[in-house]
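Undergrad: Take a look at the following structure, please.
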Protein chains: 2
Amino acid sequence: MKSNQETEHPEIRRKKTAEERHQDILEAALNIFTEKGYNGSTTAEIARAAGVAEGTIFRHFATKKELLIAVLKPKILDGIISLDKEHKDPVEFFRCFLKDRLELIKENDGLIRFMFAEAQYHNEVREALSNGILGHGISIVKPWFDKGVQEGIFKPIPFPAMMRSYMGMVLFYGIFNHVFPGFSPEKTVEEAADQILEIFLNGVLVKKTND
Amino acid sequence: MKSNQETEHPEIRRKKTAEERHQDILEAALNIFTEKGYNGSTTAEIARAAGVAEGTIFRHFATKKELLIAVLKPKILDGIISLDKEHKDPVEFFRCFLKDRLELIKENDGLIRFMFAEAQYHNEVREALSNGILGHGISIVKPWFDKGVQEGIFKPIPFPAMMRSYMGMVLFYGIFNHVFPGFSPEKTVEEAADQILEIFLNGVLVKKTND
DNA sequence: ATTAATAATGAGTGATTACTCACTCTTAAT
DNA sequence: ATTAAGAGTGAGTAATCACTCATTATTAAT
């Protein structure tokens, strides 16, 4: 009555090491990719950084492009969660959301610039971004904005236009500081967030124009 | 009394053809680069598109990277001129500037996305962008903003923060529509410009918050 | 028509690329 | 200790790359 299928149990130990390798490669690929771009990175370099042989990469990922997607997909999802906290009102939501996003950008600066840079050239990246942000991210923001409009707090600006401007201000934060280093004097993310929020909520004009 | 230095005169004719080749290569390079990225483009492909031999490229540009810079430099400067028109007041300036920039982005969409994508990885591109936009573009905007603040029209928001948000909204217009195609319903640039301007000037809130 | 200068050419070059595969090592069960 | 299987290896490969250079074509003056 001895079991002959016990091979599945110890698989846990084996798998752990394999999974670690998998993560090592993903982590190394992320670093090299964000630094040099997809086409500027070589699989040899990624292997070196991950501490594995080049052939090992292709045991885990069929092609270099598959590795790229495997690197980005979870990062896109990471960026979307942590949004479903409870919020008092629409303005409070946008305030929290903004600070949260700016922290994320500060920490994952290179990654985010890399994602949008490569979205230029790779359909797969564009689709992953589109599905991730459009499918999940925006669907979280929309109800709050709609609520604000219904309550008469927000102007009835078309949602896509609002989202585009909002995302532009937030995402360009990282790009701007990278292209124009030292131009922005603020040291804290808090300060930058407050300035963006002020413009987003009230604009730059001292009094409202009526037209 | 026959001139023996007349070689300089007909140079005009020769030079014309050479200059045309030069422009053909620049134009082809621009198209290929914006489509596939710098590292994704090959000099063979650019030569084919320009209708010249591969070797000809290297008679005009010492290296591939030199070609990249030669492609981008004039485009960056192109984007800056046409800003020195006369304007009545600061608000009018920002309105004209915005519409002008949005038209430019609509027409040179791929190029602008390419520039900021490659600025990620190439110091030379980043410097060209920084010198061009910081050195010339921003210096045109700053006086108008400062004037607005002095006249009490604009809030005394720090200039870099204002510029960052403004550029973010404007530049992200092209990126957003490329990554999320079909998401924005507006058909005209005018409409998009009005929506951005409304947010920039007055914000999304119905009434100002006082804090 | 000849000539001299310049521009254009494209086959060739060495370096580099993503990817393969025959082999070795590690692991865990007998 | 043996074994079987999956994981890891790295030299090898064909393709591709930016760039070169000996040769050819073009041009403009005599």
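Following the order of the structure tokens, first chain is A, next is B, and so on, with residues numbered from 1 inside each chain and ligands from 1 in the order they appear.
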Within 9 Å of Leu129 in chain B, counting only C-alpha atoms (C1' of nucleotides), which residues qualify if same-chain residues fewer than 2 places away don't, as a count of residues only?
TA: 16
Undergrad: If we count only C-alpha atoms (C1' of nucleotides), what is near Tyr38 in chain B at a cut-off of 12 Å, once residues fewer than 3 positions away on the same chain are taken out, given as an NGL selection string?
TA: (:A and (36-40 or 117-118 or 120-121)) or (:B and (29-35 or 41-43 or 45-46 or 64-69 or 71-72 or 111 or 114-115 or 117-122 or 125))
Undergrad: So, counting only C-alpha atoms (C1' of nucleotides), which residue among A:Gln23, A:Asn108, A:Thr56, A:Thr17 is closest to chain D?
TA: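 Closest to chain D, using only C-alpha atoms (C1' of nucleotides): A:Thr56.
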Undergrad: Contacts of range 5-20 of chain D at 12 Å or less, counting only C-alpha atoms (C1' of nucleotides), minus same-chain residues fewer than 5 places along, as a ChimeraX atom specification?
TA: /A:7,11,14-19,21-22,44,47,51-60 /B:39-45,54-59,61-65 /C:10-29
Undergrad: Figure out the distance between CA of Ile81 in chain A and CA of Val170 in chain B, please, to one decimal in Å.
TA: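 Answer for the CA of Val170 in chain B to CA of Ile81 in chain A separation: 27.3 Å.
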Undergrad: Hey, could you make a per-residue contact list for chain C against chain B with 8 Å as the cut-off, showing the nearest pair of atoms and its distance in Å to one decimal, counting only C-alpha atoms (C1' of nucleotides), sorted by chain and number, as a tab-separated table?
TA:
residue	atom	partner	partner_atom	distance
C:DA7	C1'	B:Ala18	CA	7.8
C:DA8	C1'	B:Thr56	CA	6.2
C:DT9	C1'	B:Ala53	CA	6.1
C:DG10	C1'	B:Ala53	CA	7.0
